[in-house]
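Structure first, then comments.
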Amino acid sequence: MSDTIKLPEYALEATDLRKTYRGGGKAPDKEALRGIDLKVKRGSFFGLLGPNGAGKSTFINIFAGLTNKTSGTARTWGVDIDQDSRAARAAIGVVPQEISADVFFTPYETLELMAGFYGVPKKERRTDELLEVLGLTDKRDAYVRQLSGGMKRRLLVAKAMVHTPPVLVLDEPTAGVDIELRRQLWDFVRELHARGTTIVLTTHYLEEAQELCDEIAIIDHGKVIACEPKETLLKRMDRKTLVITPGEALPAVPASLDGLDAEIRPDGSLAISYRFGEVSVAEMIERFHASGARIADLRTEEADLEDVFLSLTYNREDA
Ligand SMILES: Nc1ncnc2c1ncn2[C@@H]1O[C@H](COP(=O)(O)OP(=O)(O)OP(=O)(O)O)[C@@H](O)[C@H]1O
């Protein structure tokens, strides 16, 4: 990107984006996106989370040019996909969820074909560099069908990067990838992000999103139910848990803790869930001691993304 070009504030923007899949035969229509408003800031590492069938892939596929939207607007790198679909597509690389291998080509040929498809001039191609950073150099001339699942997935990442797009979208990139490969993949993606690529990631591994993303949106039943910086989202769960390991096994929750949300866990520890500012840790300890029991150990637990996710997506009324 040249410095003289004004960079957009948002890498992706969706306004009232809707998608209804028409049911064939007796199948009913499916409203997969029900008015999505979402902005992904340029330069962010954005997590798009949601339960199965929430609409994440549909959302991504509209930006990738693989699915037609029913209504609403979508802009990639400031370009409306209806007004200039070619320029919009050139700004984005999508690593799809499904592994569909081009079995008759080698990784090298696959990347060269893809670069040709995007109109990347020969001297600007990065085929060997991409194979190298994704650990595929020694498979450069093998048939793709001979690659392992993890290698095929890395080839998909390389394919999405041939035209050096400023926005890279990864749809469930580590499903079925072993820990070592997952780490390599994240190192690569982190490096891209550090060099300025905007990353949008969908994942079922909430720990992964919690570790990597700085901004998180949660989609459920085709609607955005939360979109905020990760830290803000985590603060929504202002509940903490005080976990006391008693000196001796407790037969029941001590009466001195009446009124508090306390339970004995299967491992024998006593867990008191409390809202920050509602009751102090000192008071809880004092009340525990008042029962005559001893404390062998003590710790607190904070909410993580999984708690937030479950509390937001579980049993929603408008679902
Ligand atoms: N081609 C299609 N025809 C009809 N319905 C579809 C089609 N593609 C997706 N759907 C439906 O649209 C809804 C959203 O699907 P989508 O794949 O976007 O969800 P997702 O959040 O990506 O799910 P997952 O996490 O399981 O990948 C689902 O109910 C799905 O069954």
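Labels used: A, B, ... for chains in the order of the structure tokens, numbers from 1 for residues in each chain, and numbers from 1 for ligands as shown.
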- Item | Shell of 8 Å around Ala262 in chain A, only C-alpha atoms, local chain residues under 2 positions omitted, as a PyMOL selection string | chain A and resi 253+257+260+264+270-273
May I have the selected residues written with N, CA and C atoms, as a short mmCIF file (atom, residue, chain, number, x, y, z; two decimals), in the first residue's frame?
```cif
data_model
loop_
_atom_site.label_atom_id
_atom_site.label_comp_id
_atom_site.auth_asym_id
_atom_site.auth_seq_id
_atom_site.Cartn_x
_atom_site.Cartn_y
_atom_site.Cartn_z
N VAL A 253 -22.19 -26.78 53.32
CA VAL A 253 -21.77 -25.37 53.33
C VAL A 253 -22.05 -24.82 54.74
N LEU A 257 -22.12 -18.95 56.28
CA LEU A 257 -22.05 -18.37 54.93
C LEU A 257 -23.44 -18.16 54.32
N LEU A 260 -24.78 -16.19 50.99
CA LEU A 260 -23.78 -16.11 49.91
C LEU A 260 -24.03 -17.27 48.94
N ILE A 264 -20.22 -26.69 47.59
CA ILE A 264 -19.05 -27.57 47.75
C ILE A 264 -18.85 -28.30 46.43
N LEU A 270 -14.60 -25.42 48.65
CA LEU A 270 -15.80 -24.60 48.80
C LEU A 270 -15.67 -23.40 47.86
N ALA A 271 -16.63 -23.25 46.96
CA ALA A 271 -16.56 -22.15 45.98
C ALA A 271 -17.64 -21.13 46.30
N ILE A 272 -17.22 -19.89 46.50
CA ILE A 272 -18.19 -18.82 46.76
C ILE A 272 -18.15 -17.86 45.57
N SER A 273 -19.27 -17.77 44.85
CA SER A 273 -19.35 -16.87 43.70
C SER A 273 -19.87 -15.52 44.19
#
```
- Item | Test item: residues at most 7 Å from range 233-242 of chain A, only C-alpha atoms, excluding those fewer than 2 positions along its chain, as number ranges by chain | A: 228-231, 244, 271-276, 299-305, 308
Requested write-out: C-alpha atoms of the selected residues, as a PDB file, in the first residue's frame:
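Printed below is result-v7.pdb as written:
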```
ATOM      1  CA  GLU A 228     -16.400  -4.785  21.924  1.00  0.00           C
ATOM      2  CA  PRO A 229     -12.751  -4.812  22.915  1.00  0.00           C
ATOM      3  CA  LYS A 230     -11.891  -8.120  24.550  1.00  0.00           C
ATOM      4  CA  GLU A 231     -11.112  -6.495  27.895  1.00  0.00           C
ATOM      5  CA  ILE A 244     -11.333 -22.286  49.675  1.00  0.00           C
ATOM      6  CA  ALA A 271     -16.558 -22.153  45.985  1.00  0.00           C
ATOM      7  CA  ILE A 272     -18.194 -18.816  46.757  1.00  0.00           C
ATOM      8  CA  SER A 273     -19.351 -16.872  43.697  1.00  0.00           C
ATOM      9  CA  TYR A 274     -19.615 -13.143  44.324  1.00  0.00           C
ATOM     10  CA  ARG A 275     -20.055  -9.878  42.502  1.00  0.00           C
ATOM     11  CA  PHE A 276     -17.137  -7.503  42.679  1.00  0.00           C
ATOM     12  CA  ARG A 299      -7.516 -18.675  45.498  1.00  0.00           C
ATOM     13  CA  THR A 300      -9.842 -16.624  43.318  1.00  0.00           C
ATOM     14  CA  GLU A 301     -11.098 -17.420  39.821  1.00  0.00           C
ATOM     15  CA  GLU A 302     -12.002 -14.799  37.232  1.00  0.00           C
ATOM     16  CA  ALA A 303     -14.471 -15.151  34.405  1.00  0.00           C
ATOM     17  CA  ASP A 304     -13.022 -16.071  31.036  1.00  0.00           C
ATOM     18  CA  LEU A 305     -14.344 -15.690  27.522  1.00  0.00           C
ATOM     19  CA  VAL A 308     -19.112 -14.555  28.788  1.00  0.00           C
TER      20      VAL A 308
END
```
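Restricting the calculation to only C-alpha atoms, the smallest distance between Thr197 in chain A and any of A:Gly43, A:Glu283, A:Asn52, A:Gly135 is found for A:Gly43.
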- Can you tell me, as a list in words, what residues are no more than 9 Å from range 118-124 of chain A when counting only C-alpha atoms, ignoring any on the same chain fewer than 5 positions away? Ala90, Glu112, Leu113, Val162 and His163 of chain A
- Message: Taking only range 167-221 of chain A into account, list the residues labelled strand (DSSP E) by DSSP (computed from the backbone), as a VMD selection string.
- Response: chain A and resid 167 to 171 198 to 202 215 to 220
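Between atom 25 (O, counted along the ligand's line) of ligand 1 and CA of Thr174 in chain A the interatomic distance comes to 12.9 Å.
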- Item | A:Glu278, A:Arg294, A:Ile285, A:Lys139 ranked by distance to Glu248 in chain A, top pick (using only C-alpha atoms) | A:Arg294
- Message: As an exercise, work out the distance from CA of Thr232 in chain A to CA of Gly259 in chain A in Å and give it to one decimal place.
- Response: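 Going from CA of Thr232 in chain A over to CA of Gly259 in chain A covers 29.1 Å.
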- Item | For Ser269 in chain A, the nearest of the candidates A:Ser71, A:Thr245, A:Gln146, A:Gln184, counting only C-alpha atoms | A:Thr245
- Query: Rounded to one decimal in Å, what is the spacing between CA of Lys41 in chain A and atom 22 (O, counted along the ligand's line) of ligand 1?
  - Reply: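 About the pair CA of Lys41 in chain A and atom 22 (O, counted along the ligand's line) of ligand 1: they are 21.3 Å apart.
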- What's the 12 Å shell around Glu9 in chain A, counting only C-alpha atoms, without same-chain residues fewer than 6 positions away, as a ChimeraX atom specification? /A:39-44,75-79,198
- Item | Exercise answer, 8 Å around ligand 1 with only C-alpha atoms and all ligand atoms, as JSON, numbers by chain | {"A": [20, 21, 22, 23, 29, 30, 31, 32, 33, 49, 50, 51, 52, 53, 54, 55, 56, 57, 58, 59, 97, 172, 203, 204, 219, 220, 221, 222]}
Preceding selection exported with N, CA and C atoms as a compact mmCIF listing (two decimals), in the first residue's frame:
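Everything below was put into again-v4.txt:
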```txt
# COMPACT_ATOMS: atom_id res chain seq x y z
N THR A 20 -30.91 -14.62 3.34
CA THR A 20 -31.89 -15.70 3.49
C THR A 20 -31.58 -16.75 2.44
N TYR A 21 -31.31 -17.97 2.88
CA TYR A 21 -31.11 -19.07 1.94
C TYR A 21 -32.51 -19.58 1.56
N ARG A 22 -32.77 -19.63 0.26
CA ARG A 22 -34.08 -20.12 -0.18
C ARG A 22 -34.14 -21.63 -0.02
N GLY A 23 -35.18 -22.10 0.62
CA GLY A 23 -35.33 -23.53 0.81
C GLY A 23 -35.75 -24.19 -0.49
N ASP A 29 -37.31 -21.56 4.03
CA ASP A 29 -36.22 -20.60 3.89
C ASP A 29 -35.45 -20.51 5.20
N LYS A 30 -34.19 -20.13 5.09
CA LYS A 30 -33.38 -19.99 6.31
C LYS A 30 -32.78 -18.58 6.37
N GLU A 31 -33.19 -17.84 7.38
CA GLU A 31 -32.63 -16.50 7.56
C GLU A 31 -31.31 -16.63 8.32
N ALA A 32 -30.22 -16.68 7.58
CA ALA A 32 -28.93 -16.93 8.25
C ALA A 32 -28.35 -15.65 8.85
N LEU A 33 -28.55 -14.51 8.19
CA LEU A 33 -28.11 -13.22 8.75
C LEU A 33 -29.34 -12.32 8.85
N LEU A 49 -17.07 -14.78 16.93
CA LEU A 49 -17.45 -16.01 17.62
C LEU A 49 -18.95 -16.23 17.54
N GLY A 50 -19.34 -17.44 17.77
CA GLY A 50 -20.76 -17.75 17.77
C GLY A 50 -20.95 -19.25 17.74
N PRO A 51 -22.10 -19.71 18.24
CA PRO A 51 -22.36 -21.15 18.23
C PRO A 51 -22.48 -21.69 16.81
N ASN A 52 -22.51 -22.99 16.64
CA ASN A 52 -22.70 -23.60 15.32
C ASN A 52 -23.96 -23.06 14.67
N GLY A 53 -23.82 -22.73 13.38
CA GLY A 53 -25.00 -22.27 12.64
C GLY A 53 -25.39 -20.83 12.92
N ALA A 54 -24.53 -20.08 13.62
CA ALA A 54 -24.86 -18.70 14.00
C ALA A 54 -24.87 -17.76 12.78
N GLY A 55 -24.09 -18.12 11.75
CA GLY A 55 -24.03 -17.28 10.55
C GLY A 55 -22.64 -16.74 10.25
N LYS A 56 -21.63 -17.24 10.95
CA LYS A 56 -20.27 -16.71 10.77
C LYS A 56 -19.74 -16.96 9.35
N SER A 57 -19.89 -18.20 8.89
CA SER A 57 -19.36 -18.51 7.55
C SER A 57 -20.12 -17.74 6.48
N THR A 58 -21.42 -17.62 6.66
CA THR A 58 -22.23 -16.87 5.70
C THR A 58 -21.71 -15.44 5.61
N PHE A 59 -21.47 -14.84 6.77
CA PHE A 59 -20.97 -13.47 6.84
C PHE A 59 -19.64 -13.36 6.08
N GLN A 97 -13.20 -22.75 5.64
CA GLN A 97 -13.28 -23.79 6.66
C GLN A 97 -13.04 -25.18 6.06
N GLU A 172 -12.21 -20.82 11.11
CA GLU A 172 -11.89 -22.07 11.82
C GLU A 172 -10.59 -22.69 11.33
N THR A 203 -13.38 -18.93 15.38
CA THR A 203 -12.85 -20.13 16.02
C THR A 203 -13.84 -20.63 17.06
N HIS A 204 -13.80 -21.93 17.28
CA HIS A 204 -14.59 -22.50 18.37
C HIS A 204 -13.75 -22.59 19.63
N ILE A 219 -21.80 -13.52 17.41
CA ILE A 219 -22.99 -13.61 16.57
C ILE A 219 -23.81 -14.81 17.06
N ASP A 220 -25.11 -14.61 17.13
CA ASP A 220 -25.98 -15.71 17.50
C ASP A 220 -27.26 -15.60 16.68
N HIS A 221 -27.69 -16.68 16.08
CA HIS A 221 -28.91 -16.68 15.26
C HIS A 221 -28.95 -15.51 14.30
N GLY A 222 -27.83 -15.25 13.64
CA GLY A 222 -27.81 -14.25 12.59
C GLY A 222 -27.80 -12.81 13.04
```
- Message: Report as number ranges by chain all protein, DNA and RNA residues lying within 10 Å of Leu147 in chain A, evaluated on only C-alpha atoms, omitting residues in the same chain fewer than 6 positions from it.
- Response: A: 101, 103, 106-107, 136, 139, 153, 155
- Task: Check the smallest atom-to-atom distance from each of A:Leu310, A:Leu48, A:Ile225, A:Leu250 to Phe288 in chain A using only C-alpha atoms, then report the winner.
- Result: A:Leu250
- Item | Counting only C-alpha atoms, the option among A:Val157, A:Glu13, A:Val95, A:Ser100 closest to Val169 in chain A |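 Checking each candidate against Val169 in chain A, we get A:Val95 as the closest.
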As a tab-separated table (two decimals) with C-alpha atoms, in the first residue's frame, please: the residues near Gly149 in chain A (cut-off 9 Å, only C-alpha atoms, same-chain neighbours under 4 positions excluded).
```tsv
chain	number	residue	atom	x	y	z
A	99	ILE	CA	-10.40	-28.30	2.90
A	153	ARG	CA	-4.64	-26.23	5.66
A	154	ARG	CA	-1.39	-24.30	5.53
A	176	GLY	CA	-8.25	-30.71	13.33
A	177	VAL	CA	-4.74	-29.24	13.37
```
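When the distance limit is 10 Å and only C-alpha atoms are what count, the residues near His193 in chain A, minus those fewer than 2 positions from it on the same chain, are A:Gly43, A:Ser44, A:Phe45, A:Pro166, A:Val167, A:Leu168, A:Asp187, A:Phe188, A:Val189, A:Arg190, A:Glu191, A:Arg195, A:Gly196, A:Thr197, A:Thr198, A:Ile199.
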Limited to C-alpha atoms, could you put the picked residues into a file as a tab-separated table (two decimals), in the first residue's frame?
```
chain	number	residue	atom	x	y	z
A	43	GLY	CA	-5.19	-3.19	12.00
A	44	SER	CA	-7.20	-5.13	14.53
A	45	PHE	CA	-7.04	-8.81	15.38
A	166	PRO	CA	-4.52	-6.11	3.71
A	167	VAL	CA	-7.29	-8.19	5.32
A	168	LEU	CA	-6.93	-11.87	6.07
A	187	ASP	CA	3.13	-17.45	14.87
A	188	PHE	CA	2.74	-16.78	11.17
A	189	VAL	CA	-0.59	-14.99	11.59
A	190	ARG	CA	0.74	-12.93	14.50
A	191	GLU	CA	3.68	-11.89	12.39
A	195	ARG	CA	3.30	-6.10	9.96
A	196	GLY	CA	-0.09	-4.44	9.56
A	197	THR	CA	-2.48	-7.06	8.16
A	198	THR	CA	-5.95	-6.91	9.68
A	199	ILE	CA	-6.90	-10.38	10.87
```
- Just list the residues in range 19-147 of chain A DSSP gives alpha helix (DSSP H) on the backbone, as an MDAnalysis selection string. chainID A and resid 56:64 85:90 107:117 127:133
